[in-house]
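A.B. asks: The structure that follows is given in the form of structure tokens.
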Amino acid sequence: MKILVTGGAGFIGSHLVEHLLAAGHEVTALDDLSTGSEANVPAGAALERIDLRDGDAVRRSLAAVAPEVVLHEAGQSDVRVSTREPERDAAVNVIGGIHLLEACVAAKVRKVVYASTGGAVYGNPQRVPVTEDAPVRPISQYGISKHTVEHYLFLYRQLYGLDYTVLRYPNVYGPRQSPRGEAGVISIFARAALRGEPVQIFGDGLQTRDYVYVSDIVAANRAVLADVGGGEIFNVGTGVGVSVLEIRDGLARVLGREVASLHLPPRPGEVSHIALDGGRFVAATGWSPTVSLVDGIRQTVEYVGRYEV
Ligand code: NAD
């Protein structure tokens, strides 16, 4: 299959590119390299260096590549950046998303798989683990911009027959997630601990998230490449919330020593407790996460130790 991965030079996108190539697909990465890096794009994949905000360039690129399926991973992916720069967040995630969908229609793409966020669209849900029918009440600009594209997907399927599946991701972690930004607590903690610095915990550290290792997210995408889950929105998650303190303790277990922490004030826009009920996705696809948290932390620590310290 001919597949285009937007954000293919980023953390999740580059893992998708790597696995799809290995499975024999013809893969192109589309990325502006703003947070991603060319070094992340495996040999064997083509790279289209394009900013999604440039609608003409996106349209030309999709017409030239003519993919059957587009995995849409590119985006402004940081909650705190969205709060500081809401216009840029919307320009990349919403306007860039519209450019992509328009280009997909023009290029007769069969299906878009969209990397949405279960961690940010629900805000602070009343019940955890949260199901897909819970109210969408984002408490960050990022949650709003990511959710908005879900509406466009619904509309474009009605108007133009462009098929799609929305995957609402949990907290994805693993090798190649940057430990230098503000998102990606496992990489950030691993880098600090390996440098002998205390890990910074915002608030009491009891806030919980649903963590899934990146190879399991790749498997989730692969499960919906064909005609599975058309027009559907799925949570992808374990249903289990893990606290920041538990992440610190898991890291200590992997390193075989204590990890010191420094408590700072909580940050605005962060949800308190979230875990995603992935029951509908499991029933539809048979997907289930395979990498335990401690194994995932171990692999992340190995990567951070080799490339990021
Ligand atoms: P990432 O920042 O590593 O990857 C995003 C990629 O998009 C980067 O390579 C970046 O260069 C590219 N990009 C950014 N702006 C662009 C633009 N204007 N034009 C073209 N390319 C652009 O982030 P990630 O963690 O790999 O996230 C991938 C996707 O998954 C994002 O859409 C994010 O919102 C979503 N997501 C991630 C998580 C997570 O835990 N990592 C959770 C939920 C949803």
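Ordered as shown in the structure tokens, chains take letters A, B, and onward, while each chain numbers its residues from 1 and ligands are numbered from 1 in the order shown.
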Return as JSON lines the residues of region 165-232 of chain A lying at most 12 Å from region 75-97 of chain A, together with the closest atom-to-atom pair for each and the distance in Å to one decimal, counting only C-alpha atoms, with rows in chain order and ascending residue number.
C.D. replies:
{"residue": "A:Tyr169", "atom": "CA", "partner": "A:Ser77", "partner_atom": "CA", "distance": 11.9}
{"residue": "A:Asn171", "atom": "CA", "partner": "A:Ser77", "partner_atom": "CA", "distance": 11.5}
{"residue": "A:Val172", "atom": "CA", "partner": "A:Ser77", "partner_atom": "CA", "distance": 11.7}
{"residue": "A:Gln177", "atom": "CA", "partner": "A:Ser77", "partner_atom": "CA", "distance": 11.5}
{"residue": "A:Ser178", "atom": "CA", "partner": "A:Asp78", "partner_atom": "CA", "distance": 11.5}
{"residue": "A:Gly181", "atom": "CA", "partner": "A:Asp78", "partner_atom": "CA", "distance": 8.4}
{"residue": "A:Glu182", "atom": "CA", "partner": "A:Asp78", "partner_atom": "CA", "distance": 7.2}
{"residue": "A:Ala183", "atom": "CA", "partner": "A:Asp78", "partner_atom": "CA", "distance": 6.2}
{"residue": "A:Gly184", "atom": "CA", "partner": "A:Asp78", "partner_atom": "CA", "distance": 9.3}
A.B. asks: Go ahead and dump the residues you just picked, C-alpha atoms, as a short mmCIF file (atom, residue, chain, number, x, y, z; two decimals), in the first residue's frame.
C.D. replies:
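selection00.cif written:
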data_model
loop_
_atom_site.label_atom_id
_atom_site.label_comp_id
_atom_site.auth_asym_id
_atom_site.auth_seq_id
_atom_site.Cartn_x
_atom_site.Cartn_y
_atom_site.Cartn_z
CA TYR A 169 -4.27 8.47 21.94
CA ASN A 171 0.13 9.39 26.85
CA VAL A 172 2.40 7.77 24.31
CA GLN A 177 10.25 11.21 22.24
CA SER A 178 12.13 14.41 22.93
CA GLY A 181 10.42 19.79 25.47
CA GLU A 182 7.75 20.11 28.11
CA ALA A 183 5.73 17.04 27.14
CA GLY A 184 6.79 13.42 27.51
#
A.B. asks: Counting only C-alpha atoms and all ligand atoms, give me one row per residue of chain A with an atom at most 8 Å from an atom of ligand 1, showing the shortest contact pair and its distance in Å to one decimal, sorted by chain then residue number, as CSV.
C.D. replies:
residue,atom,partner,partner_atom_place_in_ligand_line,distance
A:Thr6,CA,ligand 1,21 (N),6.5
A:Gly7,CA,ligand 1,7 (O),3.7
A:Gly8,CA,ligand 1,9 (O),5.9
A:Ala9,CA,ligand 1,9 (O),4.3
A:Gly10,CA,ligand 1,9 (O),3.1
A:Phe11,CA,ligand 1,26 (O),3.7
A:Ile12,CA,ligand 1,26 (O),3.8
A:Gly13,CA,ligand 1,26 (O),5.6
A:Ser14,CA,ligand 1,26 (O),7.7
A:Leu30,CA,ligand 1,20 (C),6.5
A:Asp31,CA,ligand 1,21 (N),3.8
A:Asp32,CA,ligand 1,20 (C),4.1
A:Leu33,CA,ligand 1,11 (O),3.7
A:Ser34,CA,ligand 1,11 (O),3.9
A:Thr35,CA,ligand 1,11 (O),4.0
A:Gly36,CA,ligand 1,9 (O),3.2
A:Ser37,CA,ligand 1,9 (O),6.4
A:Arg49,CA,ligand 1,20 (C),7.5
A:Ile50,CA,ligand 1,20 (C),5.6
A:Asp51,CA,ligand 1,19 (N),3.5
A:Leu52,CA,ligand 1,19 (N),3.9
A:Arg53,CA,ligand 1,18 (N),5.5
A:His72,CA,ligand 1,32 (O),6.9
A:Glu73,CA,ligand 1,29 (C),4.0
A:Ala74,CA,ligand 1,7 (O),3.3
A:Gly75,CA,ligand 1,14 (C),4.3
A:Gln76,CA,ligand 1,14 (C),5.1
A:Ser77,CA,ligand 1,34 (O),4.1
A:Asp78,CA,ligand 1,34 (O),7.3
A:Ala91,CA,ligand 1,18 (N),7.9
A:Val92,CA,ligand 1,18 (N),4.8
A:Asn93,CA,ligand 1,18 (N),7.6
A:Gly96,CA,ligand 1,18 (N),6.5
A:Tyr114,CA,ligand 1,32 (O),7.9
A:Ala115,CA,ligand 1,30 (O),4.9
A:Ser116,CA,ligand 1,44 (C),5.1
A:Thr117,CA,ligand 1,43 (C),4.0
A:Gly118,CA,ligand 1,43 (C),6.5
A:Gly119,CA,ligand 1,43 (C),6.3
A:Ala120,CA,ligand 1,43 (C),7.6
A:Tyr142,CA,ligand 1,34 (O),8.0
A:Lys146,CA,ligand 1,34 (O),6.7
A:Arg168,CA,ligand 1,43 (C),6.7
A:Tyr169,CA,ligand 1,43 (C),4.4
A:Pro170,CA,ligand 1,42 (C),5.3
A:Asn171,CA,ligand 1,40 (O),3.7
A:Val172,CA,ligand 1,40 (O),3.7
A:Tyr173,CA,ligand 1,40 (O),6.2
A:Arg176,CA,ligand 1,3 (O),7.8
A:Gln177,CA,ligand 1,3 (O),6.1
A:Ser178,CA,ligand 1,3 (O),7.0
A:Ala183,CA,ligand 1,41 (N),7.7
A:Gly184,CA,ligand 1,40 (O),6.6
A.B. asks: Name the residues in contact with Gly203 (chain A) at a cut-off of 7 Å, using only C-alpha atoms, excluding same-chain residues fewer than 6 positions from it; report them as a PyMOL selection string.
C.D. replies: chain A and resi 263-266
A.B. asks: In region 153-261 of chain A, what's helix (DSSP H, G or I) per DSSP? Answer as a count of residues only?
C.D. replies: 40
A.B. asks: Which polymer residues have any atom within 10 Å of an atom of Val109 (chain A), counting only C-alpha atoms, with same-chain residues fewer than 5 positions away left out, as a list in words?
C.D. replies: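 The residues satisfying every condition are Ile3, Leu4, Leu62, Ala63, Ala66, Pro67, Glu68, Val69, Val70, Leu101, Ala103, Cys104, Gly161, Leu162 and Asp163 of chain A.
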A.B. asks: To test your reading of the structure, identify every residue in region 32-270 of chain A that backbone DSSP assigns to strand (DSSP E), and report it as a PyMOL selection string.
C.D. replies: chain A and resi 46-49+69-72+111-117+163-169+171-173+199-202+208-209+211-213+232-235+242-243+261-264
A.B. asks: Could you check how far CA of Glu150 (chain A) sits from CA of Glu132 (chain A), in Å to one decimal?
C.D. replies: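 Between these atoms lies a distance of 12.7 Å.
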A.B. asks: For each of A:Leu167, A:Ile186, A:Ala192, A:Val240, take the minimum atom-to-atom distance to Gly296 (chain A), counting only C-alpha atoms, then give the residue where this is smallest.
C.D. replies: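 Among the listed residues, A:Ile186 lies closest to Gly296 (chain A).
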A.B. asks: How many Å separate CA of Ala64 (chain A) from CA of Leu21 (chain A)?
C.D. replies: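 A separation of 19.3 Å between them.
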A.B. asks: Please provide the set of residues having any atom within 12 Å of Ala283 (chain A), restricted to only C-alpha atoms, with same-chain residues fewer than 3 positions apart removed, written as number ranges by chain.
C.D. replies: A: 223, 228-229, 234-236, 277-280, 286-288
A.B. asks: Please produce a file of those selected residues containing C-alpha atoms, as a PDB file, in the first residue's frame.
C.D. replies:
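Result file is again-v2.pdb:
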ATOM      1  CA  ALA A 223      -5.223  -2.378  12.892  1.00  0.00           C
ATOM      2  CA  VAL A 228     -11.900  -1.365   9.819  1.00  0.00           C
ATOM      3  CA  GLY A 229     -13.399   1.364  11.973  1.00  0.00           C
ATOM      4  CA  PHE A 234     -11.824   5.149  19.284  1.00  0.00           C
ATOM      5  CA  ASN A 235     -10.023   5.624  22.558  1.00  0.00           C
ATOM      6  CA  VAL A 236      -6.697   3.807  22.529  1.00  0.00           C
ATOM      7  CA  ASP A 277     -11.444   2.959  28.246  1.00  0.00           C
ATOM      8  CA  GLY A 278     -10.286   1.245  25.063  1.00  0.00           C
ATOM      9  CA  GLY A 279     -13.008  -1.453  25.176  1.00  0.00           C
ATOM     10  CA  ARG A 280     -14.679  -0.456  21.899  1.00  0.00           C
ATOM     11  CA  GLY A 286      -8.595  -7.247  18.785  1.00  0.00           C
ATOM     12  CA  TRP A 287      -5.834  -4.754  19.693  1.00  0.00           C
ATOM     13  CA  SER A 288      -4.292  -4.930  23.131  1.00  0.00           C
TER      14      SER A 288
END
A.B. asks: Of the candidates A:Ala43, A:Arg60, A:Val65, A:Ala252, which one gets nearest to Val5 (chain A) if we count only C-alpha atoms?
C.D. replies: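 That would be A:Val65, the residue with the smallest distance to Val5 (chain A).
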A.B. asks: Which residue is closest to Thr290 (chain A)? Choose from A:Glu26, A:Asp216, A:Glu308, A:Asp204 and count only C-alpha atoms.
C.D. replies: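 The closest residue to Thr290 (chain A) is A:Asp216.
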A.B. asks: Just the number, please: distance in Å from CA of Gly174 (chain A) to CA of Ser215 (chain A), one decimal.
C.D. replies: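 If I compute the distance from CA of Gly174 (chain A) to CA of Ser215 (chain A), I get 8.2 Å.
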